[in-house]
Amino acid sequence: MFVDRVIIEVEGGSGGDGCMSFRREKYVPNGGPDGGDGGSGSSIIMVAEEGVDSLMAMSHIKHWRGTRGNNGGPANRTGKSAEDVIIKVPLGTVVIEADAGFVMKDLNVAGEQMIAARGGSGGRGNLSFKNSTNRAPRQSTPGGKGERRKLILELKSIADIGLIGKPNAGKSTLLSRLSRARPEIADYPFTTKFPNLGQVQIDYDRTFVLADIPGLIEGASEGVGLGHEFLRHVERAGILIHLVEPAPVDGTDPIENYQSIRHELTQYDADLAARPEILCVTKAELPEGKEIRDKLAEITGGEVLLISAVTGENLNVLLSRAGDELDRARQKAKS
């Protein structure tokens, strides 16, 4: 089961209470204060970890609560602090404060962490109140309350390049051909129910992560179909490979299909639509492929590749173009 958005509540543990106590020892008639401080409550900490590929664990546990710290004791004994609660999340998880709506943290590096809810501090024992004018303090403080928050966790896949296009455009087949990923492949729409990731080797020392994004349809930016659920995954992809099927099984026009996807990207996020795009007509073995390629090249005024994941036609050219775009993007990021 793939889960990419959950709402949870997190609450840090309360701190232990401080102790009010006085020394009671034989032959020590004027024993002073000796109440210890309470221990700190546990914090809720989120950690980005490789190998975790879904937010499924959080979908089953909606409330995450820390443990209370131990109370302080006599003889200046400090209460034991509670151990922090660690929540492991996938790389690419965005933590959003639900009530205010702001992004608290974007966890996209392995090992990166954030304190989602801080535990309460321990209360002060009466020994800590002792001073030159108050030799026998009779006050102590209770432990502090832990922070409490409602959070939205959204998973945005980490990918250098995203495959986009209509359902059945051949995205999953291309991913399986270029990488070791083995996504489900079938001849009906929406076979892909969630993004699939695969690592692609361009040459000896260059690789990139490719994401197969579920098919977009008209109205996706407004919540129609599966596409809207996963448009946010495209936000991580710096470069887009747009696949156009030359002879759709549903009888739709390939040119209109291309323009429809471009429209949905623009409606969702204009910056997303402005990213570098490598346009490809798939299934080059079909007779309609070359004609559609030429029409798209005329409309866009740019290069359109004619490829086939089945025969391997021009896949080396596609990898070369992808490598060039990645080099340009990385060079731009450095400057």
# chains A, B, ... in the order shown; residues from 1 in each chain; ligands from 1
>>> residues_around(residues="Pro90 in chain A", least_positions_apart="2", cutoff="9 Å", atoms="only C-alpha atoms", output="count of residues only")
17
>>> residues_around(residues="Glu291 in chain A", least_positions_apart="5", cutoff="10 Å", atoms="only C-alpha atoms", output="MDAnalysis selection string")
chainID A and resid 246 281 296:297
>>> residues_around(residues="Gly69 in chain A", least_positions_apart="4", cutoff="7 Å", atoms="only C-alpha atoms", output="NGL selection string")
:A and (14-16 or 38-41 or 79-82)
>>> select_by_dssp(residues="range 128-304 of chain A", states="helix (DSSP H, G or I)", output="ChimeraX atom specification")
/A:128-129,171-178,220-222,227-234,254-268,270-273,289-300
